[in-house]
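Colleague: Let me begin by handing over the structure; questions about it come next.
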Amino acid sequence: ATTTRGTTRPLDAQEVTEASSDVLQLTVIEGLQVGRGVARIDPSQIARLGCKPGDIVMITGSRTTAAKVVPSALTDRGQPTIQMDSQVRQNSASGLGERVTVRKAKVRDAEKITLLPLSAGTPIQESDLQYIARYLVGLPVTIGDLLRIGMPGTSPREFLIINTSPATPAYALRKRATSELPPIDPPQPTADVEAVLVQPGTLVRAQSRGATNHGPGIISYEDIGGLGKELQRIREMIELPLKYPAVFDRLGVEPPKGVLLYGPPGTGKTLIARVVAAETNAAFFVINGPEIINKFYGESESRLRSVFQEAQRQAPSIIFIDELDALAPKRAESGGEVERRIVGQLLALMDGLASRGQIVLIGATNQPNALDPAIRRPGRFDREIALRVPDVRGRTEILSIHSRDAAMANDIDFARLAQLTPGFVGADLEALCREAAMIALRRVLPHIDYQRGYIPYETLINMSITMADFQAALRE
Ligand code: ADP
């Protein structure tokens, strides 16, 4: 902003302090448990921005958003890097490893903010709005930000901020993997306001334009726990060629066409595929192995062909084949005519793909040894990643991911819970968190007055999930 401002006007006091603050280019690194609405950077960089910890900064990736700046952890110091809460990162439309621009923000307290509910669900009521208002206190927001808010007793809801008072600029909306966001009719921005900070007295309203369903929610790498190394490899194999095909062209390297994810059920194979599609803004297609063989009996091959055609039309695309072993079993053993034809068709389609990395197949299986070896030859599913049952650290991460949108009591100790759950995979841990939430809910149910038709604010605020709820869930 400093560079675009005209120089003819004399600088007032505020602008002078601003002129002494830098605009920084920082590299985005993964930030688990960064804190809602927070960006963490090196303290020396905070000073260069002309900020103190807790101040609000504007972060610009492909989009601009606001965040509260906080010093990075000791282990991450001395680097020109930035870690963001996943929501902030999504709102800045930046990917891991990319660079963002960071500068001090001009903020004012929010008098009012207006939300548009995105995900379909029950209508937003006054008590929900009070809850949301409380949840948002301390968060900086801008028009066009997407928020995912954990609501007690239901799955998280998504909202688009469509107005604020005073009005911030409406930073360009990001196209989502599955759909466009609804167009908003932005108000005239207030001079010298880049972001507003939600206060205890901020009025929160919802636009009742009728909730629109926007497909699967926003998901990101921060939704995957316990897979540091594997995730890194997946990003190299899939994200890189989808995002920067020229890099591969230039080095004469063939980007992979097919990546095989194998491991026990519930270890996150489907989740990974969806996240990579969302992060790369690729169209996402799912083929279910058993379904294409049984349900589409007789039209399996034409079905496969039409998925490939559509994927090519909408490229960049990811085609996810779940239970690949059902579709491509070892020929010798199955010997079935149908399977043989279908594998033949799949191989032909894969071989026919121009290999520019713009269409990537991700195959998932629990039993890699049951696969037809032909499907793992070079140019087909020739890269593999094994997913294992998570260790204690992985389980701790996954538990905190699945509890991050819920109200947790202070006694929650995820590391301890992880020790109590050996052998649990991601799906089991997610189920455990859900069960603990249900137990917490049952605890408050007797206090709900059904006559009133809504849950009083005080009841909502006092709801939280305790360690005892988790322990009870473990016993069930
Ligand atoms: P798979 O495809 O390997 O059978 P899924 O991806 O369908 O497993 O996992 C089911 C659910 O379990 C996911 O939607 C997610 O909520 C949770 N889950 C599984 N693995 C992880 C993980 N590593 N981190 C976070 N959540 C996970």
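Letters for chains follow the order of the structure tokens (A, B, ...), residue numbers begin at 1 for each chain, and ligand numbers begin at 1 in the order shown.
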Skip Val286 of chain A itself and residues of its chain fewer than 4 positions away, then list as a list of chain:residue names all residues within 6 Å of it, counting only C-alpha atoms.
Modeller: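 Here the qualifying residues turn out to be A:Ile319, A:Phe320, A:Ile321.
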Colleague: Ligand 1: which residues are within 9 Å, counting only C-alpha atoms and all ligand atoms, as a ChimeraX atom specification?
Modeller: /A:222-227,261-274,322-323,364-366,387,389-390,394-395,397-399,401-402,425-431
Colleague: Which is closest to Asp391 of chain A among A:Val88, A:Val204, A:Val196, A:Leu420, if we use only C-alpha atoms?
Modeller: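 Of A:Val88, A:Val204, A:Val196, A:Leu420, the one nearest Asp391 of chain A is A:Leu420, counting only C-alpha atoms.
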Colleague: Run DSSP on the backbone and give me the residues of segment 280-397 of chain A it puts in alpha helix (DSSP H), as an MDAnalysis selection string.
Modeller: chainID A and resid 280 289:294 300:313 324:327 331:334 337:352 392:397
Colleague: Quick one: everything within 7 Å of Glu301 of chain A, counting only C-alpha atoms, minus sequence neighbours fewer than 2 positions away in the same chain. Send it as a list in words.
Modeller: Glu299, Arg303, Leu304, Arg305, Ile342 and Gln345 of chain A
Colleague: Counting only C-alpha atoms, figure out which residue out of A:Ala315, A:Ala328, A:Ala374, A:Ile82 gets nearest to Pro290 of chain A.
Modeller: A:Ala328
Colleague: Write out as a list in words the residues lying within 7 Å of Pro186 of chain A, counting only C-alpha atoms and excluding same-chain residues fewer than 6 positions away.
Modeller: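 After dropping sequence-adjacent residues, the list is Ile162, Asn163 and Ala170 of chain A.
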Colleague: Given only C-alpha atoms as the basis, pick out the residue of A:Ala406, A:Met58, A:Val392, A:Val28 nearest to Arg148 of chain A.
Modeller: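 Closest to Arg148 of chain A of all the choices is A:Ala406.
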Colleague: Quick one: residues within 12 Å of Thr280 of chain A, only C-alpha atoms counted, chain neighbours fewer than 6 positions away excluded, as an NGL selection string?
Modeller: :A and (90 or 93-96 or 175-178 or 219-221 or 235 or 238-244 or 273-274 or 315-318 or 358-360)
Colleague: How many Å lie between atom CA of Pro71 of chain A and atom CA of Ile46 of chain A, rounded to one decimal?
Modeller: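 Pair atom CA of Pro71 of chain A / atom CA of Ile46 of chain A returns 7.4 Å.
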Colleague: Would you work out the distance separating atom CA of Glu291 of chain A from atom CA of Pro329 of chain A, expressed in Å to one decimal?
Modeller: 14.4 Å
Colleague: Could you give me the residues within segment 208-357 of chain A that DSSP places in strand (DSSP E), as a PyMOL selection string?
Modeller: chain A and resi 258-262+283-288+317-322
